[in-house]
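Worksheet: one structure, shown below.
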Amino acid sequence: MTTVDPLAGSCPVPLAETERVLLGHGSGGQLSADLIAGVLVPALGSAAPPGALEDAAVVPVDGVDVVLSTDAYVVSPLFFPGGDIGALAVHGTVNDLAMRAAVPVALSVAYVVEEGFPLADLRRVAASVGEAARAVGVPVVTGDTKVVGRGAADGLFVVTTGVGRRLAGAAPSATGAAPGDAVLLSGPIGSHGTTILCAREGLGFEADIRSDTQPLHRLVQAMVDAGGDAVHALRDPTRGGIASALNEIAASSGVGIEIDEQALPVPAAVHAACEILGLDPAQVANEGCLVAFVAPREADAVLAAMRARPEGRSAVRIGTVHRDEPGRVVVRTAVGSRRVLDMLVGEQLPRIC
């Protein structure tokens, strides 16, 4: 549809598309943030969560800090190198709890299954959920199953909710990053998103790249044991990659962040795939690493504790928090220049988690 601007003669002016949901609204980037802030949260009114939006919510119950998180998984393909939708659902929810320093206590799992979906694949996914939950040490205590008509679910969707108990002496929050904090990254970036894309499109990198999906709660436990309340903020950089995670923390905490580009660990195969596809590894999804903001006095101790765990053996310090340019993330490049690291705007890789 077009309209005519009377000041421009007969030149047609396209109307902006503002009233439909786009794939980009699920990217984990700027469009996702706009959808949440402009549509979903305002609809809650007084029931909206206070403060910054987090990976999980802390709900005080009789003096105990209970942590609650819920998520839906719609990854395509359902099975990929390094994992599948079942393990991903368990790990993702456990990790969201861990970003608030919570030990998982219980999970619920719901399956939305399309008519005609192979029972063998459903058994395989259900077995993966059970195996992942046992490895984490958390029971699946309740759930639900719905079957929808052909074409209504693209095979299978999995919805999980997790309940956790927050570790004593720790209260990491998206609002907690402070000037002087060290920015720590637990491992290589970009593996999950590039794995999904390569598996989906048959790009030939599958033999060299595997999803990094794994639970991170034991790593967080080690970090809290080493640093206590010096662990100010935690975020697992899933959709939108570390670019979105860093920008969200910078905005919520009102601080600036400077990252050393050379310190970012990008596997060679991931770097090659991103080069060919024109992707920025910093904006590619991850499912098995975290970004931590730690007070300088405990940064070395926390980094050492991370490296002592298998999930954090490649942990590195990638940057620093400062007072300048609040809300902005800047990358210091190999040649000494500085560039702004923006949040992903549109849809880079649909259906990745």
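Chains: A, B, ... in order of the structure tokens. Residues: from 1 per chain. Ligands: from 1, in order shown.
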Could you go through region 49-260 of chain A and tell me which residues DSSP, when run on the backbone, assigns to alpha helix (DSSP H), listing them as a PyMOL selection string? chain A and resi 85-98+119-136+191-201+217-227+241-253
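Near Cys274 (chain A), within a cut-off of 12 Å and counting only C-alpha atoms, sit the residues Ile189, Gly190, Ser191, Gly193, Thr194, Thr195, Leu197, Cys198, Leu203, Phe205, Ile209, Val266, Pro267, Ala268, Ala269, Val270, Gly278, Leu279, Asp280, Pro281, Ala282, Gln283, Val284, Gln348 and Leu349 of chain A, with same-chain residues fewer than 4 positions away left out.
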Can you check which parts of region 53-143 of chain A lie within 10 Å of region 226-245 of chain A? Per residue, the shortest pair of atoms and distance in Å to one decimal, counting only C-alpha atoms, sorted by chain and number, as JSON lines.
```
{"residue": "A:Glu54", "atom": "CA", "partner": "A:Arg235", "partner_atom": "CA", "distance": 8.8}
{"residue": "A:Asp55", "atom": "CA", "partner": "A:Arg235", "partner_atom": "CA", "distance": 7.6}
{"residue": "A:Gly92", "atom": "CA", "partner": "A:Thr238", "partner_atom": "CA", "distance": 8.8}
{"residue": "A:Asn95", "atom": "CA", "partner": "A:Asp236", "partner_atom": "CA", "distance": 7.2}
{"residue": "A:Asp96", "atom": "CA", "partner": "A:Asp236", "partner_atom": "CA", "distance": 7.4}
{"residue": "A:Ala98", "atom": "CA", "partner": "A:Leu234", "partner_atom": "CA", "distance": 8.4}
{"residue": "A:Met99", "atom": "CA", "partner": "A:Leu234", "partner_atom": "CA", "distance": 5.1}
{"residue": "A:Arg100", "atom": "CA", "partner": "A:Leu234", "partner_atom": "CA", "distance": 7.1}
{"residue": "A:Ala101", "atom": "CA", "partner": "A:Leu234", "partner_atom": "CA", "distance": 8.3}
```
List the spatial neighbours of region 69-85 of chain A as a VMD selection string - criterion: any atom at most 8 Å away, only C-alpha atoms, same-chain residues fewer than 3 positions off excluded. chain A and resid 55 to 57 88 to 89 92 to 93 96 to 97 125 128 156 to 163 195 to 196 199 to 200 206 209 to 213 351 to 353
Produce a file of the selected residues containing C-alpha atoms, as a PDB file, in the first residue's frame.
```pdb
ATOM      1  CA  ASP A  55      16.587 -13.885  32.575  1.00  0.00           C
ATOM      2  CA  ALA A  56      14.676 -15.028  35.657  1.00  0.00           C
ATOM      3  CA  ALA A  57      12.684 -13.430  38.472  1.00  0.00           C
ATOM      4  CA  LEU A  88      18.575 -27.308  24.700  1.00  0.00           C
ATOM      5  CA  ALA A  89      15.296 -26.745  26.571  1.00  0.00           C
ATOM      6  CA  GLY A  92      18.455 -23.038  28.547  1.00  0.00           C
ATOM      7  CA  THR A  93      16.082 -22.911  31.498  1.00  0.00           C
ATOM      8  CA  ASP A  96      18.427 -18.647  32.995  1.00  0.00           C
ATOM      9  CA  LEU A  97      18.075 -19.604  36.655  1.00  0.00           C
ATOM     10  CA  VAL A 125      13.446 -35.728  22.238  1.00  0.00           C
ATOM     11  CA  SER A 128      17.033 -36.280  25.657  1.00  0.00           C
ATOM     12  CA  LEU A 156       7.528 -29.807  17.739  1.00  0.00           C
ATOM     13  CA  PHE A 157       7.795 -26.932  20.233  1.00  0.00           C
ATOM     14  CA  VAL A 158       9.015 -27.436  23.814  1.00  0.00           C
ATOM     15  CA  VAL A 159       8.104 -25.093  26.687  1.00  0.00           C
ATOM     16  CA  THR A 160       9.951 -25.297  30.004  1.00  0.00           C
ATOM     17  CA  THR A 161       9.658 -23.591  33.365  1.00  0.00           C
ATOM     18  CA  GLY A 162      12.300 -23.797  36.049  1.00  0.00           C
ATOM     19  CA  VAL A 163      12.273 -23.122  39.779  1.00  0.00           C
ATOM     20  CA  THR A 195      25.858 -24.783  13.947  1.00  0.00           C
ATOM     21  CA  ILE A 196      22.108 -24.332  13.528  1.00  0.00           C
ATOM     22  CA  ALA A 199      22.805 -27.853   9.780  1.00  0.00           C
ATOM     23  CA  ARG A 200      19.679 -26.191   8.385  1.00  0.00           C
ATOM     24  CA  GLU A 206      28.895 -29.288  10.196  1.00  0.00           C
ATOM     25  CA  ILE A 209      31.265 -26.748  14.385  1.00  0.00           C
ATOM     26  CA  ARG A 210      29.129 -28.057  17.239  1.00  0.00           C
ATOM     27  CA  SER A 211      26.598 -26.304  19.425  1.00  0.00           C
ATOM     28  CA  ASP A 212      27.991 -25.281  22.805  1.00  0.00           C
ATOM     29  CA  THR A 213      24.755 -26.104  24.650  1.00  0.00           C
ATOM     30  CA  ARG A 351      14.537 -20.439  14.843  1.00  0.00           C
ATOM     31  CA  ILE A 352      17.829 -20.913  16.689  1.00  0.00           C
ATOM     32  CA  CYS A 353      16.507 -21.755  20.156  1.00  0.00           C
TER      33      CYS A 353
END
```
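If you look at CA of Leu185 (chain A) and CA of Val220 (chain A), they are 12.2 Å away from each other.
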Shell around Arg124 (chain A) at 9 Å using only C-alpha atoms, local window under 5 positions removed, as a PyMOL selection string: chain A and resi 86+119+129
Identify, on the basis of only C-alpha atoms, every residue whose closest approach to region 321-326 of chain A does not exceed 10 Å; exclude the query and any residue fewer than 6 positions from it along the same chain; express the result as a ChimeraX atom specification. /A:177-183,250-259,293-295
Looking only at strand (DSSP E) from DSSP on the backbone, list the matching residues of region 107-206 of chain A as a PyMOL selection string. chain A and resi 107-114+140-148+156-166+182-185
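Between Val61 (chain A) and the candidates A:Arg165, A:Val136, A:Ile36, A:Val291, the tightest atom-to-atom separation, counting only C-alpha atoms, involves A:Arg165.
Each of A:Gly28, A:Gly143, A:Gly187, A:Pro104 was compared to Gly164 (chain A) using only C-alpha atoms, and A:Pro104 turns out to be the nearest.
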Point-to-point distance from CA of Met223 (chain A) to CA of Ile318 (chain A), Å rounded to tenths: 16.7 Å
